[in-house]
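Written below as structure tokens is the structure these notes are about.
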Amino acid sequence: MYLYETHMHTKYGSSCASISGSEQAVSYKKAGYTGIIITEHFFRGSTSLIPHHLSWEERILLYCRGYEEAKKTGDKIGLQVFFGWEETFDSQDFLVYGLDKEWLLNHPEMEHWTLEQQFLEVNKYGGMVIHAHPFRDRPYIDKIRLYPRLVNGVETYNASNSEQENQNAYIYAKKYNLPMTAGGDTHHPGMTGSGIRVEKKFDSIKDYIRTIKNHEYMELIYH
């Protein structure tokens with residue numbers, strides 16, 4: 001069986017994180033993971049470290065530093081490192097998978113997408129959108145909002161959420177027959193990871209997308 005972390009951050013792209021990409025890679029390798037997916041907060045979210053007055057290209061190059069550092073270290077130590085991001089709409093977060101740095105550089109219009117446009121365009125290009133921790137209850141979240149027709153799946157276990165918040169997400173996914181996934185949402189050294197366990201090693205991020213979209217067998221990792 002192969003272990004993958006699906007939701008994590010670094011201090012280079014997410015201003016709420018304090019760990020480098022290299023440190024994340026080493027930590028997860030030691031924990032027995034096969035691969036990780038770096039999902040920094042995108043420009044509507046917690047990315048204050050990247051100045052908004054810069055050009056789109058400059059911002060994307062800065063945004064990808066955490067992933068690229070993790071990838072470089074991962075290649076050295078035998079850990080797969082894949083790319084994704086976490087976008088925010090109306091205080092709700094969405095994990096986007098399957099599109100890469102070059103795609104971002106060529107699509108500056110995506111910064112102004114609506115939630116519906118995000119879902120349609122990401123899927124058009126072969127990607128996937130997962131509603132992250134949909135029932136998280138925090139002071140900065142004014143209202144819990146659900147979008148079962150605008151996501152490909154639901155993060156039903158998030159290591160940073162309470163048991164009740166995760167249980168509500170599970171009930172939600174079951175009600176709408178949405179695929180389920182799990183993530184550690186790690187931001188700092190020493191945080192507990194989560195993720196999924198699969199029987200076949202992924203060749204690329206496309207394998208993760210296929211696994212989720214097709215409801216293929218996998219085991220969610222709970223801590």
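Numbering starts fresh at 1 for the residues of each chain in the structure tokens, the chains themselves are lettered A, B, ... in the order given, and ligands are numbered from 1 as they appear.
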Could you pull the residues within 12 Å of Glu109 in chain A, counting only C-alpha atoms, minus those fewer than 5 positions along the same chain, as an NGL selection string? :A and (56 or 103-104 or 114 or 117-118 or 121)
Preceding selection exported with N, CA and C atoms as an mmCIF file, in the first residue's frame:
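Generated output (result_34.cif):
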```cif
data_model
loop_
_atom_site.group_PDB
_atom_site.id
_atom_site.type_symbol
_atom_site.label_atom_id
_atom_site.label_comp_id
_atom_site.auth_asym_id
_atom_site.auth_seq_id
_atom_site.Cartn_x
_atom_site.Cartn_y
_atom_site.Cartn_z
ATOM 1 N N TRP A 56 1.676 39.176 -13.057
ATOM 2 C CA TRP A 56 1.159 37.829 -12.884
ATOM 3 C C TRP A 56 2.282 36.794 -12.914
ATOM 4 N N TRP A 103 0.482 26.032 -16.698
ATOM 5 C CA TRP A 103 -0.924 26.342 -16.923
ATOM 6 C C TRP A 103 -1.287 27.648 -16.225
ATOM 7 N N LEU A 104 -0.857 27.829 -15.001
ATOM 8 C CA LEU A 104 -1.127 29.067 -14.270
ATOM 9 C C LEU A 104 -0.539 30.276 -14.996
ATOM 10 N N THR A 114 -15.358 33.020 -11.110
ATOM 11 C CA THR A 114 -16.338 32.720 -10.071
ATOM 12 C C THR A 114 -16.135 31.267 -9.657
ATOM 13 N N GLN A 117 -17.172 29.085 -12.543
ATOM 14 C CA GLN A 117 -16.162 29.073 -13.600
ATOM 15 C C GLN A 117 -14.985 28.188 -13.208
ATOM 16 N N GLN A 118 -14.582 28.273 -11.960
ATOM 17 C CA GLN A 118 -13.472 27.433 -11.509
ATOM 18 C C GLN A 118 -13.775 25.962 -11.751
ATOM 19 N N GLU A 121 -13.944 25.195 -15.673
ATOM 20 C CA GLU A 121 -12.672 25.327 -16.381
ATOM 21 C C GLU A 121 -11.649 24.305 -15.904
#
```
All residues 9 Å or closer to Met8 in chain A, only C-alpha atoms, same chain fewer than 4 positions away omitted, as a list in words: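 Those residues are Gln24, Ile36, Ile37, Ile38, Thr39, Glu40, Gly183, Gly184, Asp185, Thr186, His187 and Gly193 of chain A.
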I'd like the contact shell of range 74-89 of chain A - 8 Å cut-off, only C-alpha atoms, skipping same-chain residues fewer than 4 positions apart - returned as a ChimeraX atom specification. /A:22,25-26,29,33-45,67,70,93-100,115,204-205
Show which residues sit within 6 Å of Met180 in chain A, as a compact mmCIF listing (two decimals) with C-alpha atoms, in the first residue's frame. Count only C-alpha atoms, and ignore same-chain residues fewer than 3 positions away.
```txt
# COMPACT_ATOMS: atom_id res chain seq x y z
CA GLY A 153 -15.45 15.57 -4.02
CA VAL A 154 -15.28 16.46 -0.34
CA GLU A 155 -12.46 16.41 2.18
CA THR A 156 -14.32 14.43 4.82
```
Please measure the separation of CA of Lys71 in chain A and CA of Ser15 in chain A, giving the value in Å to one decimal.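 Computed distance, CA of Lys71 in chain A to CA of Ser15 in chain A, equals 19.8 Å.
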